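Single-structure report; data block below.
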Amino acid sequence: MLELRDITKRFGDVLANDRVSLTVAPGTIHAIVGENGAGKSTAMRIAYGFYAADSGEVVVDGQARRLASPHDAIASGIGMVHQHFMLVETMTVAENIVLGIEPGSPLALDLNGAAARVRALSKEFGLEIDPAARVETLSVGQQQRVELLKALYREARLLILDEPTAVLAPQAVTDLFRILRGMRAQGKTIVIVAHKLSEVLEISDEVTVMRDGRVVGHRRTAETNATELARLMVGRDVLLRVVKPEAKPGGAVLSVRELSLKDAEGGRRLDGVSFEVRAGEILGVAGVEGNGQTELIETLAGLVDRRSLTGAITLGGTDVAVLSARGRKERGIAHVPEDRQRRGLVLDFNLAENAILGVDERPPIAIGPGRSWLDREATSRRAKKIVEAFDVRPPDLSLPARSLSGGNQQKLILGREFELPPKLLLIAQPTRGVDIGAIEFIHRRLVELRDSGCAILLVSSELDEVTALADRLLVMRRGKIVAEVDPARTSIEAIGLLMTGGEAAA
Amino acid sequence: MKLLRELLFPLIAVAAAFLVGGVLVALVGDSPLRTYELLIGSALTWPDGIGYTLFYATPLIFTGLAVAVAFRCGLLNIGAEGQLYIAAFVTAWVGITCAGWSAWLLVPLCFLTATLSGAVWGAIPGVLKARFGAHEVITTIMLNFVAVALASYFTQYHYKPPGDPILETVPIGEGAHIARLGRFIPGFPERIPLNLAFPLALLVSLLVYLFLWRTRWGYEIRATGASPAAAEYGGISTGRQIVLAMAVSGGLAGMVAINEVMGYRYRYYDSFSAGYGFTGIAVALLGRNHPVGVILSSLLFGALLRGGLFVDIFTENVSKDLVQVLQAIIILFVAAEAMFRGPFARWAKRV
Amino acid sequence: MSENPILALLFSAIRLATPLLLAALGGLFSERSGVINIGLEGLMLAGAFTAAVTTHYSGNPWVGLLAAILAGIGVALIHAVACIRYRADQVVSGTAINILFLGVPALLSGAMFASTGATPQIPKEQLLPYAPIILAFALVPATWWVLNRTPFGLRLRAVGENPEAADTAGVNVARIRYAGVLLSGALAAIGGAYLSIGQSSLFTRNMTAGRGFIALAALIFGKWRPVQTMLACLLFGVAEALSIQMQGVSQIPVQFIQIIPYVLTIVVLAGFIGHSRAPRALGLPYQKKR
């Protein structure tokens, strides 16, 4: 029903799609898998008319179509549910669904008619939802249903779902799959963009694998398995273990007791979290994104409003929960944030000025009365040391941080934090958006830091990374710690099960 | 190359503004060329042209620095006008109340007064923003009105010489006067009000540069303006930086009082400001919020203010408001510099 | 029949609230679509000046009103192009518009009438003292209807909250924002026109005296909603009416009375802004993301 022929798309220097060709048969559930950055989302956005391909064709029902905008795609019967929902939170379900194709006249919206149609559709496809509810009051799973209804309302015959399970709790995933099977029975064609192999194997009829912007394989799901797909995705046999020396942990450095964080609506982002991190060990935290890992790191770093917190945080026996972010840095708590461009660097500042972010009011950087004067020499020295030690390229201190690649930006941040020197390092998503060479460098330095006696708390949504690096592994779900496992002795599948709500491995 | 680019955009903006202004001049029936000739020409004569240009540039340097510092923290200080009025009145008040004091005491005291009163008036919207999230554009404008009203009240009811029809205060004490440059420069008459405030403005520009780029406070202000999230991560209290930046900004604007009250009129004079606070916005933007740029822009706008008076008198239809119009157009073009980026990038590739 | 002072105050307040309301409703359309419009002051001045001059030459205030609307749209177009097409800082652009209309009317007026201070007086028969008031208050339910019950309003709201969502739904974000900004120009201009050919009979330099900003404060106070904004404008109208009444009778110096509306604005912004939720995409230029 849908065919992409030799689609090529370039964004600046990056070749996101390189002569991508694939065919989706009607009435099937077709999965497109690949790692982050493989080009899957880009290809589908081209199919949806959100981007225009540089070259190649999109063929729908045997006819090549020019898709200048989502409008054209919708007219051709293609609908898309994005990974990050495209919903207007303050408007109702019905309003969101009809946005762009409003029924009624230009002077009067026919919201009642819209609501009636929405109700009929929800019944037909088993998507319970109240058309008059405001989207901001809905759960994530329910919001996704609104997105599905948007496509169905527009009489989509082919639905593209971009990473639909990324933010869903396990029960919601089951519900979703039930709905998708129902749609298939009704003759709809479904394309799922994903990178979770277990789910792909469960729900899809056919699989296309992409890697580095190219299609590298296509299989019938029944005729393949996880190992083969993983190998196609990564291009080599996946090494599940990184060689690292045995950890020699010392005493507890960080101790967290019954930490709870309430959000604006009273929900608990962190729910009674307790654990310890010892000197000389890497404690990993695994979990589906959005289950409290980000909040955990930000809370420990001191970036969260203390009034919504309860519980104790101690560093080497001293209470640090009362300290500000600056105070915590002074005590040796380093932080490599998840959002490096927003939090970790001032993009418009040059490398030297970024190298002193967080330590600008301490000697030797700040000197003179009131520690108000910045010592340029000391700043350059520190920056140079970091840039050399962490191989930041290009090593020009006067360049704005904005001009560095993701990997080099991350190395700069790491270098800066390692320089504190840290007693405890909080680090989230250390290698997201970082090229392979820098990834190995960063992993090595983390292990070295561990061996020098630092305690490290590592959050990563890349299971391979966190199981390889961590000496002990916590699994988080819904703001709670649901298990602690030994990553060397637990299978990825068992960990994945814990992340998504299954039983702990025996 | 980067320096060239930094200089080029403001120049293009100015050129474009003059073009549009020229159209307006033609519209009202005068010759653009002759008008511009008058405008620029009258600013370059010696001693009057240059003298008055520098004299008008002085308050603009102060307000330009004020707006620039606020901008560096991500804030738009439209309240420089109110800040300089408050500072002018309070400075005059000190000059009147302590009229008998010796200059050694009074001059530094008045300097301090001008700066501090401006700083306080600037800190108010800073606190309102940091604490309540009140947008500084509106609060500063409201405070402008309040400032002028307060100064006017006190002048009218308490400090006006009796029987004087003009709304001004009694003169300040001799000890609060600062010398006109005519006293030091041979061939330069003392009737031209260019005074010590001008070299002071240049000195202050240097201090602002050092403050922003060499002190911790300046670093934290700039970080807050460039990336509040990263600043917070780095342990910087963004609320405190906002108040600090607005206070410094207000203090700089307040220094206009030194030029005006201590060096020119020797009293508080109602509505003395020729829109220095608002022009300061254009000066800062054109000068890319950098002290050197501010000085250069101030010279340009100072020249325009001087030229504007001549244009007003010596042309048929054009009034000095042309200058204000040119200002606004320059601001627009600088703000929309994306307009020039495309063509410039293409030109740069070919060069 | 004796003068009822409360009624007189109320009528006065309604008259004084009218320009605020018109400008505020204009600002509503712009800001709900995501574009900050600080330039309401300048737009009002543009409308006031154009209305006065056109009425003077044509003898017909309706022609003046129409001209004012066109002028408002024209000036708003500058702001729209700068902010939407060239992604200029919206606050700076609005400020430029304000400064522009401190100068342009005086320049043109100086050329036309040899007086930069004021335009010639317009005879009483050629004024519009009541029509704008009715228009302003009638626009309140009309605005509510457009915003909540028409496709245009739905799209406008979507664009102001989540332009990416609207874009993926096939809505032309830029076009809607242009519409919002141009509408704000038209309405603010009518507000200004009322000042020069309704409330008084000529244009004087800077006659709006900050009303554009007060309108903005009323809009924020009114949580960007039509009815609440109207109430906020009435509040400011009452304040101004009181201050005028007091000026004649009270011992309090005139300057203190004059500043009442401005101080009230500050109090409003400080006291209530925390509870008010702006359109989420307000002030953020929209650019298609990767």
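Please note that chains go A, B, ... in the order of the structure tokens, that every chain numbers its residues from 1, and that ligands are numbered from 1 in the order shown.
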
Q: Within 12 Å of Ile50 of chain B, counting only C-alpha atoms, which residues show up once you throw out same-chain ones fewer than 2 positions away? Write them as a list in words, please.
A: Ile40, Gly41, Ser42, Ala43, Leu44, Thr45, Trp46, Pro47, Asp48, Tyr52, Thr53, Leu54, Phe55, Tyr56, Ala57, Phe188, Ile192, Pro193, Leu194, Leu299, Leu300, Gly302, Ala303, Leu304, Leu305, Arg306 and Gly307 of chain B

Restricting the output to C-alpha atoms, write the selected residues as an mmCIF file, in the first residue's frame.
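Contents of result_38.cif, as written:
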data_model
loop_
_atom_site.group_PDB
_atom_site.id
_atom_site.type_symbol
_atom_site.label_atom_id
_atom_site.label_comp_id
_atom_site.auth_asym_id
_atom_site.auth_seq_id
_atom_site.Cartn_x
_atom_site.Cartn_y
_atom_site.Cartn_z
ATOM 1 C CA ILE B 40 25.360 65.391 9.669
ATOM 2 C CA GLY B 41 27.078 68.608 8.747
ATOM 3 C CA SER B 42 25.891 70.594 11.702
ATOM 4 C CA ALA B 43 27.213 67.920 13.980
ATOM 5 C CA LEU B 44 30.758 68.105 12.708
ATOM 6 C CA THR B 45 31.610 71.774 13.024
ATOM 7 C CA TRP B 46 34.220 72.979 15.492
ATOM 8 C CA PRO B 47 33.698 73.872 18.211
ATOM 9 C CA ASP B 48 29.924 73.889 18.409
ATOM 10 C CA TYR B 52 27.333 69.558 21.354
ATOM 11 C CA THR B 53 27.526 66.152 19.717
ATOM 12 C CA LEU B 54 29.755 64.920 22.503
ATOM 13 C CA PHE B 55 27.569 66.636 25.065
ATOM 14 C CA TYR B 56 24.470 64.835 23.782
ATOM 15 C CA ALA B 57 26.399 61.613 23.444
ATOM 16 C CA PHE B 188 36.936 75.609 23.298
ATOM 17 C CA ILE B 192 29.269 74.716 25.410
ATOM 18 C CA PRO B 193 27.939 72.464 28.158
ATOM 19 C CA LEU B 194 30.291 69.575 27.428
ATOM 20 C CA LEU B 299 28.385 59.352 18.988
ATOM 21 C CA LEU B 300 26.119 58.675 16.050
ATOM 22 C CA GLY B 302 24.477 62.367 19.659
ATOM 23 C CA ALA B 303 25.277 63.746 16.250
ATOM 24 C CA LEU B 304 21.717 63.075 15.144
ATOM 25 C CA LEU B 305 20.310 64.887 18.159
ATOM 26 C CA ARG B 306 22.489 67.877 17.402
ATOM 27 C CA GLY B 307 21.719 67.751 13.723
#

Q) Could you list, as an NGL selection string, every residue of chain C that has an atom within 9 Å of an atom of chain B, counting only C-alpha atoms? A) :C and (38 or 79 or 82-83 or 85-108 or 110-112 or 114 or 116 or 209-210 or 213-214 or 216-217 or 253-256 or 258-263 or 265-266 or 269-274)

Q) Taking only C-alpha atoms into account, what are the residues of chain A at most 7 Å from chain C, put as a VMD selection string? A) chain A and resid 70 to 71 86 to 88 99 to 100 102 106 to 109

Can you check which residues of chain A have any atom within 10 Å of chain B? Use only C-alpha atoms and format it as an mmCIF file with C-alpha atoms, in the first residue's frame.
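Saved the output as out-v5.cif:
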data_model
loop_
_atom_site.group_PDB
_atom_site.id
_atom_site.type_symbol
_atom_site.label_atom_id
_atom_site.label_comp_id
_atom_site.auth_asym_id
_atom_site.auth_seq_id
_atom_site.Cartn_x
_atom_site.Cartn_y
_atom_site.Cartn_z
ATOM 1 C CA GLU A 298 18.051 16.592 39.280
ATOM 2 C CA ALA A 301 22.032 17.726 42.042
ATOM 3 C CA GLY A 302 19.995 20.305 43.919
ATOM 4 C CA LEU A 303 17.988 21.603 40.984
ATOM 5 C CA SER A 324 21.784 24.545 47.015
ATOM 6 C CA ALA A 325 23.162 23.301 43.717
ATOM 7 C CA ARG A 326 26.204 25.445 44.246
ATOM 8 C CA GLY A 327 26.690 24.143 47.774
ATOM 9 C CA ARG A 328 26.533 20.590 46.541
ATOM 10 C CA LYS A 329 29.143 21.234 43.876
ATOM 11 C CA GLU A 330 31.379 22.610 46.568
ATOM 12 C CA HIS A 335 26.618 16.494 37.638
ATOM 13 C CA VAL A 336 26.642 15.679 33.955
ATOM 14 C CA PRO A 337 23.094 16.529 32.911
ATOM 15 C CA ASP A 339 20.117 17.768 28.470
ATOM 16 C CA ARG A 340 23.625 18.891 27.734
ATOM 17 C CA GLN A 341 22.776 21.781 25.457
ATOM 18 C CA ARG A 342 20.239 23.370 27.705
ATOM 19 C CA ARG A 343 21.637 22.611 31.129
ATOM 20 C CA GLY A 344 25.208 21.551 30.782
ATOM 21 C CA LEU A 345 26.617 24.320 28.632
ATOM 22 C CA VAL A 346 26.028 27.939 27.857
ATOM 23 C CA LEU A 347 26.166 27.466 24.112
ATOM 24 C CA ASP A 348 27.003 31.079 23.386
ATOM 25 C CA PHE A 349 29.945 31.136 25.767
ATOM 26 C CA GLU A 353 33.928 30.251 30.026
ATOM 27 C CA ASN A 354 32.084 26.963 29.938
ATOM 28 C CA ILE A 356 34.361 27.319 34.779
ATOM 29 C CA LEU A 357 30.580 26.983 34.906
ATOM 30 C CA GLY A 358 29.751 25.974 38.437
ATOM 31 C CA VAL A 359 33.136 26.872 39.890
ATOM 32 C CA ASP A 360 33.269 30.527 38.963
ATOM 33 C CA GLU A 361 33.045 31.746 42.522
ATOM 34 C CA ARG A 362 35.822 29.634 43.921
ATOM 35 C CA ILE A 365 39.192 31.153 39.455
ATOM 36 C CA ALA A 366 37.672 33.848 41.602
ATOM 37 C CA ILE A 367 40.168 36.046 43.356
ATOM 38 C CA GLY A 368 40.384 39.414 44.979
ATOM 39 C CA GLY A 370 34.790 39.302 47.777
ATOM 40 C CA ARG A 371 36.089 36.769 45.268
ATOM 41 C CA SER A 372 34.730 38.981 42.564
ATOM 42 C CA TRP A 373 37.543 39.093 40.036
ATOM 43 C CA LEU A 374 37.931 36.287 37.516
ATOM 44 C CA ASP A 375 41.503 35.181 37.040
ATOM 45 C CA ARG A 376 41.891 34.783 33.297
#

Running DSSP on the backbone, which parts of segment 351-463 of chain A land in alpha helix (DSSP H), as a short mmCIF file (atom, residue, chain, number, x, y, z; two decimals) with C-alpha atoms, in the first residue's frame?
data_model
loop_
_atom_site.label_atom_id
_atom_site.label_comp_id
_atom_site.auth_asym_id
_atom_site.auth_seq_id
_atom_site.Cartn_x
_atom_site.Cartn_y
_atom_site.Cartn_z
CA LEU A 351 35.07 26.82 25.84
CA ALA A 352 37.02 28.66 28.52
CA GLU A 353 33.93 30.25 30.03
CA ASN A 354 32.08 26.96 29.94
CA ALA A 355 34.98 25.27 31.66
CA ARG A 376 41.89 34.78 33.30
CA GLU A 377 45.12 32.87 33.60
CA ALA A 378 43.63 30.35 35.96
CA THR A 379 40.57 30.01 33.75
CA SER A 380 42.66 29.34 30.65
CA ARG A 381 44.81 26.88 32.50
CA ARG A 382 41.85 24.95 33.75
CA ALA A 383 40.16 24.99 30.38
CA LYS A 384 43.32 23.90 28.58
CA LYS A 385 43.83 21.06 31.02
CA ILE A 386 40.29 19.82 30.45
CA VAL A 387 40.46 20.16 26.70
CA GLU A 388 43.72 18.26 26.48
CA ALA A 389 42.83 15.56 28.97
CA GLY A 406 27.74 16.46 20.45
CA GLY A 407 30.56 14.16 21.42
CA ASN A 408 33.01 16.98 22.01
CA GLN A 409 30.48 18.96 24.00
CA GLN A 410 29.93 15.97 26.21
CA LYS A 411 33.65 15.45 26.68
CA LEU A 412 34.00 19.08 27.69
CA ILE A 413 31.28 18.71 30.28
CA LEU A 414 32.76 15.51 31.61
CA GLY A 415 36.18 17.06 31.80
CA ARG A 416 34.82 19.99 33.69
CA GLU A 417 33.00 17.83 36.19
CA PHE A 418 35.90 15.43 36.63
CA ILE A 436 31.20 5.86 18.49
CA GLY A 437 34.78 6.99 19.09
CA ALA A 438 33.74 9.40 21.82
CA ILE A 439 31.48 6.77 23.38
CA GLU A 440 34.35 4.40 24.01
CA PHE A 441 36.48 7.26 25.35
CA ILE A 442 33.77 8.33 27.76
CA HIS A 443 33.15 4.80 28.99
CA ARG A 444 36.83 4.31 29.67
CA ARG A 445 37.13 7.56 31.63
CA LEU A 446 34.10 6.67 33.73
CA VAL A 447 35.67 3.37 34.74
CA GLU A 448 38.94 5.17 35.52
CA LEU A 449 37.10 7.65 37.70
CA ARG A 450 35.43 4.82 39.53
CA ASP A 451 38.76 3.17 40.17
CA LEU A 463 20.38 -1.03 28.39
#

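One finds atom CA of Ala17 of chain C at 13.5 Å from atom CA of Ile244 of chain C.
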
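Take atom CA of Thr229 of chain C and atom CA of Ala51 of chain C: the distance between them is 25.4 Å.
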
Q | For Val294 of chain B: contacts at 7 Å, only C-alpha atoms, fewer than 2 positions along chain excluded, given as number ranges by chain | A | B: 61, 64-65, 283-284, 287, 289-292, 296-298

Q: Would you list the contacts of Thr294 of chain A as a ChimeraX atom specification, taking every protein, DNA or RNA residue within 9 Å and counting only C-alpha atoms, but skipping same-chain residues closer than 3 positions in sequence?
A: /A:289-291,297-299,337-338,428,459

Q: For Leu200 of chain B, work out the shell of residues within 10 Å, counting only C-alpha atoms and skipping chain neighbours fewer than 4 positions away, then give it as number ranges by chain.
A: B: 58, 62, 195-196, 204-206, 255, 258-259

Q) Residues of segment 123-365 of chain A in strand (DSSP E) according to DSSP, as a VMD selection string? A) chain A and resid 158 to 162 189 to 194 206 to 211 214 to 220 252 to 262 268 to 278 282 to 286 309 to 315 318 to 319 333 to 336

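Take atom CA of Ala114 of chain B and atom CA of Ala130 of chain B: the distance between them is 24.3 Å.
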